[in-house]
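The structure file data_20.txt is reproduced below (compact mmCIF, C-alpha atoms).
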```
# COMPACT_ATOMS: atom_id res chain seq x y z
CA GLY A 1 -17.21 -120.48 -64.51
CA ALA A 2 -16.77 -123.33 -62.09
CA VAL A 3 -17.08 -126.97 -63.14
CA VAL A 4 -19.30 -129.45 -61.33
CA SER A 5 -19.04 -133.05 -62.45
CA GLN A 6 -21.83 -135.53 -61.84
CA HIS A 7 -21.62 -139.27 -62.36
CA PRO A 8 -23.20 -141.37 -63.71
CA SER A 9 -25.19 -139.46 -66.30
CA TRP A 10 -27.68 -142.29 -66.72
CA VAL A 11 -28.44 -145.33 -64.61
CA ILE A 12 -31.00 -148.10 -64.91
CA CYS A 13 -31.60 -150.33 -61.91
CA LYS A 14 -34.00 -152.96 -60.65
CA SER A 15 -36.62 -152.14 -58.07
CA GLY A 16 -35.30 -152.65 -54.55
CA THR A 17 -31.67 -151.91 -55.30
CA SER A 18 -29.68 -148.88 -54.19
CA VAL A 19 -28.04 -146.36 -56.48
CA LYS A 20 -25.26 -143.93 -55.65
CA ILE A 21 -24.75 -140.67 -57.54
CA GLU A 22 -21.53 -138.68 -57.18
CA CYS A 23 -21.11 -134.94 -57.45
CA ARG A 24 -17.67 -133.32 -57.57
CA SER A 25 -16.53 -129.74 -57.72
CA LEU A 26 -13.50 -129.94 -59.99
CA ASP A 27 -11.86 -126.54 -59.63
CA PHE A 28 -13.10 -125.14 -56.36
CA GLN A 29 -13.90 -126.17 -52.82
CA ALA A 30 -17.63 -126.46 -52.36
CA THR A 31 -18.61 -125.42 -48.88
CA THR A 32 -22.24 -126.11 -49.70
CA MET A 33 -23.78 -128.64 -52.05
CA PHE A 34 -27.38 -129.07 -53.09
CA TRP A 35 -29.41 -131.90 -54.55
CA TYR A 36 -32.41 -131.30 -56.79
CA ARG A 37 -34.91 -133.58 -58.48
CA GLN A 38 -36.79 -132.85 -61.67
CA PHE A 39 -39.73 -134.78 -63.06
CA PRO A 40 -40.66 -134.54 -66.76
CA LYS A 41 -42.06 -131.15 -67.80
CA GLN A 42 -41.61 -129.79 -64.29
CA SER A 43 -39.15 -127.43 -62.68
CA LEU A 44 -36.32 -128.37 -60.36
CA MET A 45 -37.28 -129.20 -56.80
CA LEU A 46 -34.73 -128.81 -54.02
CA MET A 47 -34.30 -132.02 -52.05
CA ALA A 48 -31.56 -131.19 -49.58
CA THR A 49 -28.68 -128.90 -48.71
CA SER A 50 -25.43 -130.11 -47.24
CA ASN A 51 -22.39 -128.43 -45.79
CA GLU A 52 -19.05 -130.21 -45.68
CA GLY A 53 -18.75 -132.37 -42.61
CA SER A 54 -22.33 -131.74 -41.48
CA LYS A 55 -25.55 -133.64 -41.81
CA ALA A 56 -27.73 -132.65 -44.73
CA THR A 57 -30.82 -130.51 -44.27
CA TYR A 58 -33.75 -132.05 -46.11
CA GLU A 59 -36.70 -130.19 -47.58
CA GLN A 60 -40.15 -130.99 -46.30
CA GLY A 61 -41.49 -134.20 -47.78
CA VAL A 62 -38.11 -135.65 -48.70
CA GLU A 63 -37.35 -138.88 -46.84
CA LYS A 64 -33.87 -138.67 -45.36
CA ASP A 65 -33.66 -142.43 -44.85
CA LYS A 66 -34.42 -143.03 -48.50
CA PHE A 67 -32.17 -140.35 -49.96
CA LEU A 68 -28.87 -140.57 -48.12
CA ILE A 69 -26.56 -137.62 -48.63
CA ASN A 70 -22.90 -137.58 -47.69
CA HIS A 71 -20.72 -134.50 -48.03
CA ALA A 72 -17.49 -135.89 -46.66
CA SER A 73 -15.08 -133.51 -48.36
CA LEU A 74 -15.06 -130.05 -49.88
CA THR A 75 -15.11 -131.50 -53.38
CA LEU A 76 -17.41 -134.50 -53.14
CA SER A 77 -21.02 -135.14 -52.24
CA THR A 78 -22.95 -138.33 -52.86
CA LEU A 79 -26.65 -139.09 -53.05
CA THR A 80 -27.71 -142.67 -52.47
CA VAL A 81 -31.24 -143.66 -53.41
CA THR A 82 -31.92 -146.65 -51.20
CA SER A 83 -34.35 -149.41 -52.11
CA ALA A 84 -35.30 -147.61 -55.29
CA HIS A 85 -38.80 -147.96 -56.70
CA PRO A 86 -40.23 -146.94 -60.08
CA GLU A 87 -41.66 -143.74 -58.57
CA ASP A 88 -38.08 -142.67 -57.76
CA SER A 89 -37.33 -142.52 -61.48
CA SER A 90 -36.38 -138.94 -62.15
CA PHE A 91 -33.62 -136.53 -63.19
CA TYR A 92 -31.34 -135.82 -60.23
CA ILE A 93 -29.13 -132.74 -60.37
CA CYS A 94 -26.45 -131.61 -57.95
CA SER A 95 -25.20 -128.10 -57.40
CA ALA A 96 -22.24 -126.65 -55.58
CA ARG A 97 -21.27 -123.27 -54.20
CA GLY A 98 -18.07 -121.97 -52.69
CA GLY A 99 -14.48 -121.09 -53.31
CA GLY A 100 -13.67 -117.97 -55.22
CA TYR A 101 -16.98 -117.99 -57.05
CA GLY A 102 -18.82 -116.28 -54.25
CA ASN A 103 -22.46 -117.15 -53.88
CA ILE A 104 -23.04 -118.49 -57.38
CA GLN A 105 -24.41 -122.03 -57.52
CA TYR A 106 -22.99 -124.16 -60.31
CA PHE A 107 -24.78 -127.26 -61.49
CA GLY A 108 -23.81 -130.70 -62.66
CA ALA A 109 -25.14 -132.18 -65.88
CA GLY A 110 -27.63 -134.35 -64.02
CA THR A 111 -28.28 -138.07 -63.61
CA ARG A 112 -31.26 -139.74 -65.18
CA LEU A 113 -32.43 -142.61 -62.98
CA SER A 114 -34.76 -145.24 -64.36
CA VAL A 115 -36.02 -147.86 -61.90
CA LEU A 116 -37.54 -150.94 -63.51
CA ASP B 1 -37.16 -115.56 -50.77
CA ALA B 2 -39.11 -113.25 -53.04
CA LYS B 3 -41.27 -114.77 -55.73
CA THR B 4 -40.73 -114.10 -59.42
CA THR B 5 -43.15 -113.99 -62.34
CA GLN B 6 -42.07 -114.80 -65.89
CA PRO B 7 -44.00 -115.35 -69.10
CA PRO B 8 -44.30 -119.08 -69.79
CA SER B 9 -42.95 -118.85 -73.32
CA MET B 10 -41.40 -116.52 -75.86
CA ASP B 11 -40.21 -116.75 -79.44
CA CYS B 12 -37.25 -114.96 -80.96
CA ALA B 13 -35.81 -114.86 -84.45
CA GLU B 14 -32.27 -116.09 -84.86
CA GLY B 15 -29.78 -113.21 -84.82
CA ARG B 16 -32.16 -110.83 -83.08
CA ALA B 17 -31.98 -109.77 -79.47
CA ALA B 18 -34.01 -111.81 -77.00
CA ASN B 19 -35.42 -109.79 -74.11
CA LEU B 20 -36.73 -111.91 -71.27
CA PRO B 21 -38.69 -110.08 -68.57
CA CYS B 22 -39.00 -110.97 -64.91
CA ASN B 23 -41.17 -109.41 -62.25
CA HIS B 24 -39.98 -109.54 -58.64
CA SER B 25 -42.05 -106.85 -56.96
CA THR B 26 -41.49 -108.22 -53.43
CA ILE B 27 -37.71 -108.34 -53.65
CA SER B 28 -35.85 -107.38 -50.48
CA GLY B 29 -32.96 -104.97 -50.31
CA ASN B 30 -30.39 -107.70 -49.80
CA GLU B 31 -31.66 -110.06 -52.51
CA TYR B 32 -29.85 -110.56 -55.78
CA VAL B 33 -31.44 -111.37 -59.12
CA TYR B 34 -29.98 -114.53 -60.66
CA TRP B 35 -30.58 -115.88 -64.15
CA TYR B 36 -30.01 -119.49 -65.15
CA ARG B 37 -31.03 -121.45 -68.18
CA GLN B 38 -31.67 -125.14 -68.74
CA ILE B 39 -31.24 -126.71 -72.11
CA HIS B 40 -33.24 -129.88 -72.54
CA SER B 41 -32.02 -132.80 -70.40
CA GLN B 42 -29.07 -130.87 -68.96
CA GLY B 43 -28.32 -129.22 -65.64
CA PRO B 44 -28.99 -125.49 -65.29
CA GLN B 45 -26.32 -123.12 -66.53
CA TYR B 46 -25.48 -119.90 -64.69
CA ILE B 47 -25.87 -116.82 -66.87
CA ILE B 48 -25.59 -113.66 -64.80
CA HIS B 49 -26.65 -112.03 -61.57
CA GLY B 50 -26.94 -108.54 -60.12
CA LEU B 51 -28.06 -106.55 -57.10
CA LYS B 52 -29.10 -103.14 -58.41
CA ASN B 53 -26.71 -102.10 -61.14
CA ASN B 54 -26.96 -103.33 -64.69
CA GLU B 55 -24.54 -106.13 -65.46
CA THR B 56 -23.01 -107.50 -68.63
CA ASN B 57 -20.88 -110.52 -69.35
CA GLU B 58 -19.97 -112.59 -72.37
CA MET B 59 -23.34 -114.33 -72.36
CA ALA B 60 -25.90 -111.64 -71.64
CA SER B 61 -26.86 -108.32 -70.12
CA LEU B 62 -29.04 -107.85 -67.07
CA ILE B 63 -31.08 -104.69 -66.74
CA ILE B 64 -32.62 -104.07 -63.31
CA THR B 65 -35.15 -101.28 -62.88
CA GLU B 66 -34.35 -98.53 -60.44
CA ASP B 67 -37.00 -99.72 -57.98
CA ARG B 68 -35.64 -103.28 -58.42
CA LYS B 69 -39.13 -104.66 -58.90
CA SER B 70 -38.40 -106.07 -62.31
CA SER B 71 -35.52 -107.00 -64.56
CA THR B 72 -34.79 -108.00 -68.13
CA LEU B 73 -32.27 -110.50 -69.40
CA ILE B 74 -30.97 -109.62 -72.83
CA LEU B 75 -29.32 -112.07 -75.19
CA PRO B 76 -27.96 -109.64 -77.80
CA HIS B 77 -27.80 -112.00 -80.78
CA ALA B 78 -29.85 -115.12 -80.14
CA THR B 79 -28.81 -118.37 -81.81
CA LEU B 80 -30.62 -121.67 -82.12
CA ARG B 81 -28.47 -122.98 -79.27
CA ASP B 82 -30.03 -120.40 -76.96
CA THR B 83 -33.33 -122.30 -77.07
CA ALA B 84 -33.88 -123.25 -73.43
CA VAL B 85 -35.93 -122.58 -70.31
CA TYR B 86 -34.72 -119.42 -68.61
CA TYR B 87 -35.15 -119.03 -64.88
CA CYS B 88 -35.14 -115.75 -62.97
CA ILE B 89 -34.50 -116.30 -59.26
CA VAL B 90 -34.13 -113.85 -56.40
CA ASN B 91 -32.02 -114.88 -53.45
CA THR B 92 -29.86 -113.36 -50.79
CA GLY B 93 -26.95 -115.44 -51.97
CA GLY B 94 -25.82 -115.76 -48.41
CA SER B 95 -24.50 -118.88 -46.72
CA GLN B 96 -28.01 -120.04 -45.89
CA GLY B 97 -29.48 -119.26 -49.27
CA ASN B 98 -30.37 -121.77 -51.94
CA LEU B 99 -31.97 -121.37 -55.33
CA ILE B 100 -35.66 -122.10 -55.61
CA PHE B 101 -36.73 -122.59 -59.21
CA GLY B 102 -40.06 -121.45 -60.61
CA LYS B 103 -41.43 -122.47 -63.98
CA GLY B 104 -39.26 -120.11 -66.02
CA THR B 105 -39.69 -118.92 -69.60
CA LYS B 106 -39.33 -121.32 -72.49
CA LEU B 107 -37.44 -119.36 -75.14
CA SER B 108 -37.66 -120.75 -78.66
CA VAL B 109 -35.20 -119.27 -81.13
CA LYS B 110 -36.41 -119.80 -84.66
CA PRO B 111 -34.46 -119.64 -87.94
```
Take the structure in the file and give it back as structure tokens.
Amino acid sequence: GAVVSQHPSWVICKSGTSVKIECRSLDFQATTMFWYRQFPKQSLMLMATSNEGSKATYEQGVEKDKFLINHASLTLSTLTVTSAHPEDSSFYICSARGGGYGNIQYFGAGTRLSVL
Amino acid sequence: DAKTTQPPSMDCAEGRAANLPCNHSTISGNEYVYWYRQIHSQGPQYIIHGLKNNETNEMASLIITEDRKSSTLILPHATLRDTAVYYCIVNTGGSQGNLIFGKGTKLSVKP
């Protein structure tokens, strides 16, 4: 299957700082990318969907000014958590779809964010 | 998207077949059944998907009932590494579709 690379895998930051997470599709062009968040012992929650070159569509309750998403190319999307606070600590997972893999969404390994 | 119902947990003996059920009684004609699994602290892994015919790949088999209201994921020879949360998701798979995850089934494979 397709490979989606996510970096970093783990980040610790101080409250008030911003953190950027990268998501790359390594062997296909991702026309659509997705960002999910997962709290301990809970399921994945979709945060936003982005198409290359377009603004992201955010799910209800997700602050677009706090979670900045950029999908500037067909292989790269970034999520920036601005002015992070301890309640933003979570497992963030990206997903990509496109290329010759049809409508299958492939997922990155996730980024664990800890805000102190 | 149609909602799915899965048992919260299941056990399976190592080397035996694991049969994971999923109910999707409100599935629409253009919705696929997708199965993913998530091993602890990792991103979800795609397993298999199907529309109405049974499907098989190197990881698993997917059996969809004729009325498409339920399906079963079969891992033919479960190993300890198959211990994970398994998610059954129905989705059109179209350009506007995205995967909405429920609570899934926690499969524990025991020696």
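With the cut-off set to 6 Å and only C-alpha atoms counted, chain B residues close to chain A are Gln42, Gly43, Pro44, Gly93, Phe101 and Lys103 of chain B.
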Dump as a short mmCIF file (atom, residue, chain, number, x, y, z; two decimals), keeping the file's coordinate frame, selection limited to C-alpha atoms:
```cif
data_model
loop_
_atom_site.label_atom_id
_atom_site.label_comp_id
_atom_site.auth_asym_id
_atom_site.auth_seq_id
_atom_site.Cartn_x
_atom_site.Cartn_y
_atom_site.Cartn_z
CA GLN B 42 -29.07 -130.87 -68.96
CA GLY B 43 -28.32 -129.22 -65.64
CA PRO B 44 -28.99 -125.49 -65.29
CA GLY B 93 -26.95 -115.44 -51.97
CA PHE B 101 -36.73 -122.59 -59.21
CA LYS B 103 -41.43 -122.47 -63.98
#
```
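Compared by their closest atoms to Glu22 of chain A, and using all atoms listed in the file, the residues A:Val62, A:Val115, A:Leu68, A:Ala56 rank with A:Leu68 nearest.
In this model, the gap between atom CA of Ser25 of chain B and atom CA of Ser9 of chain B comes to 20.3 Å.
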Within 7 Å of Ile12 of chain A, counting all atoms listed in the file, which residues show up once you throw out same-chain ones fewer than 2 positions away? Write them as a list in words, please.
Trp10, Leu113, Ser114 and Val115 of chain A
Residues within 12 Å of segment 80-84 of chain B, all atoms listed in the file, excluding chain neighbours under 5 positions, as an MDAnalysis selection string
chainID B and resid 8:18 20 36:45 47 59:60 74:75 104:111
Once 3 Å is added on each side, what centre and edge lengths in Å to one decimal does the axis-aligned box around all listed atoms of segment 4-23 of chain B have, as AutoDock Vina command-line options?
```
--center_x -37.0 --center_y -114.2 --center_z -72.1 --size_x 20.5 --size_y 15.7 --size_z 31.4
```
Rounded to one decimal in Å, what is the spacing between atom CA of Val19 of chain A and atom CA of Thr80 of chain A?
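Distance between the two atoms: 5.5 Å.
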